[in-house]
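Beneath this line is the structure, given in C-alpha cells, with notes to follow.
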Amino acid sequence: MSVRRRVLLLSIIFIALGISVSAILIAIGGGFSGSRSSVFNPPTQADLWTVGKTQMNEFDLQYIVTSTVIDGSKLNSTVWLNFSKLANSNWNVSVSIRNDTYRQDFAILLSQNELSRIGSVNAEKPLSVLDESIFAIRDIARGPKYLVVGALWDRVLLDSIEVPVKITDRMKLSTPAGTFDTYVLSYDVGPKKSQIWINRDIPLPIRALVYDSSGQLQYSYHLANIEKPS
C-alpha cells in the first residue's frame, strides 16, 4: 500500500472514531432529539460548555433570585456579579447582594473552570444564597458538557432511582436583560419539572426554576441585566 493511501486510510479511521465517540456520548443521553445533531452530524468541540469558561472579563451580571428559607417562606434577593479575569485565568468576582434581611458587598476568588471557590470568605450567609441558586449549576455541570438537545449531563438519585438530567430543548428566551438563544436543561424529581436555561456565551445560566421532590420551589432566578465593557 502506498504512503498516500495509508495516510488516507488513517484519516478515515480517525474521522470515524471521532464521529463514533461524539455520537455515543449523546446517544447515552437519550439519542439525537434535535434537528442540528445526528449520527452523521455529531456534536463537536464547539458544542461544549463549561461553567465560568467564557469571554466575560469585566462583565456585570444582575440576577433576581427567589429562594426558599427554613420556614418555607420565599426570600427575594437582587444579586450583582462583576467578573474580572486575573493573570492566572481565575476569576475575581465582586458580589453585591440586597434583600429584606441584609445588604452585603464582598469579593470571592473562583476558578475559571466550574467556578470553584478558592480560599475563604467572611460572608457565609449571603454566599449560601449564591451556592444554593445561581452557583448550584456547578453540581450538575462538572466538566465540559454538550449543548446539544438529547445530551445527558448528569443523573440525580431519587428513592434509589436515577433520574437523568439532560438537554431537552433549544429556544429563544426573553428576559429583562434581553433575548437569548438558550438550551434547556431539565430533570424530574417530583410532580414538577426543574429547568435551567443556558446560553453558550455566558458563564452562568440565564434562568432557572428548580423544585424538590414534593413539588415545592427550591429556588428560581433570572438574568435582569447584563453590562459589557465599552
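Chain identifiers are assigned as A, B, and so on, following the order in which chains appear in the C-alpha cells; residues are numbered from 1 within each chain, and ligands are numbered from 1 in order of appearance.
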
Please report as JSON lines every residue of range 207-228 of chain A lying within 12 Å of range 164-173 of chain A, along with the nearest atom pair and their distance in Å (one decimal), using only C-alpha atoms.
{"residue": "A:Arg207", "atom": "CA", "partner": "A:Leu173", "partner_atom": "CA", "distance": 8.9}
{"residue": "A:Ala208", "atom": "CA", "partner": "A:Leu173", "partner_atom": "CA", "distance": 11.6}
{"residue": "A:His222", "atom": "CA", "partner": "A:Leu173", "partner_atom": "CA", "distance": 10.5}
{"residue": "A:Leu223", "atom": "CA", "partner": "A:Leu173", "partner_atom": "CA", "distance": 10.7}

Create the file for the chosen residues now, containing N, CA and C atoms and written as a PDB file, in the first residue's frame.
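Saved the output as out_5.pdb:
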ATOM      1  N   ARG A 207     -31.606  31.547  33.349  1.00  0.00           N
ATOM      2  CA  ARG A 207     -32.816  31.418  34.165  1.00  0.00           C
ATOM      3  C   ARG A 207     -32.860  30.016  34.754  1.00  0.00           C
ATOM      4  N   ALA A 208     -33.577  29.864  35.873  1.00  0.00           N
ATOM      5  CA  ALA A 208     -33.759  28.538  36.473  1.00  0.00           C
ATOM      6  C   ALA A 208     -35.049  28.495  37.278  1.00  0.00           C
ATOM      7  N   HIS A 222     -33.517  34.715  37.452  1.00  0.00           N
ATOM      8  CA  HIS A 222     -33.413  35.105  36.050  1.00  0.00           C
ATOM      9  C   HIS A 222     -32.442  36.280  35.930  1.00  0.00           C
ATOM     10  N   LEU A 223     -31.833  36.385  34.766  1.00  0.00           N
ATOM     11  CA  LEU A 223     -30.906  37.479  34.493  1.00  0.00           C
ATOM     12  C   LEU A 223     -31.698  38.750  34.255  1.00  0.00           C
TER      13      LEU A 223
END

Identify, on the basis of only C-alpha atoms, every residue whose closest approach to range 133-138 of chain A does not exceed 8 Å; exclude the query and any residue fewer than 6 positions from it along the same chain; express the result as a list in words.
->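 Near range 133-138 of chain A, the qualifying residues are Val51, Val65, Ser67, Glu114, Leu115, Ser116, Leu204, Pro205, Tyr219, Ser220 and Tyr221 of chain A.
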
Could you save the residues just selected, with C-alpha atoms, as a tab-separated table (two decimals), in the first residue's frame?
chain	number	residue	atom	x	y	z
A	51	VAL	CA	-19.36	26.79	33.84
A	65	VAL	CA	-33.16	35.30	42.95
A	67	SER	CA	-35.02	31.08	47.41
A	114	GLU	CA	-16.53	25.32	37.09
A	115	LEU	CA	-16.24	28.44	39.30
A	116	SER	CA	-14.96	26.51	42.32
A	204	LEU	CA	-23.79	31.11	34.29
A	205	PRO	CA	-27.38	30.14	33.38
A	219	TYR	CA	-35.08	28.38	44.06
A	220	SER	CA	-35.62	30.39	40.92
A	221	TYR	CA	-33.67	33.16	39.26

For each of A:Tyr102, A:Val79, A:Glu227, A:Tyr187, take the minimum atom-to-atom distance to Trp153 in chain A, counting only C-alpha atoms, then give the residue where this is smallest.
->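 Closest to Trp153 in chain A of all the choices is A:Tyr187.
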
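Between CA of Arg98 in chain A and CA of Leu61 in chain A the separation is 14.2 Å.
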
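Using only C-alpha atoms, the smallest distance between any of A:Thr68, A:Asn76, A:Ser194, A:Gln62 and Ala224 in chain A comes from A:Gln62.
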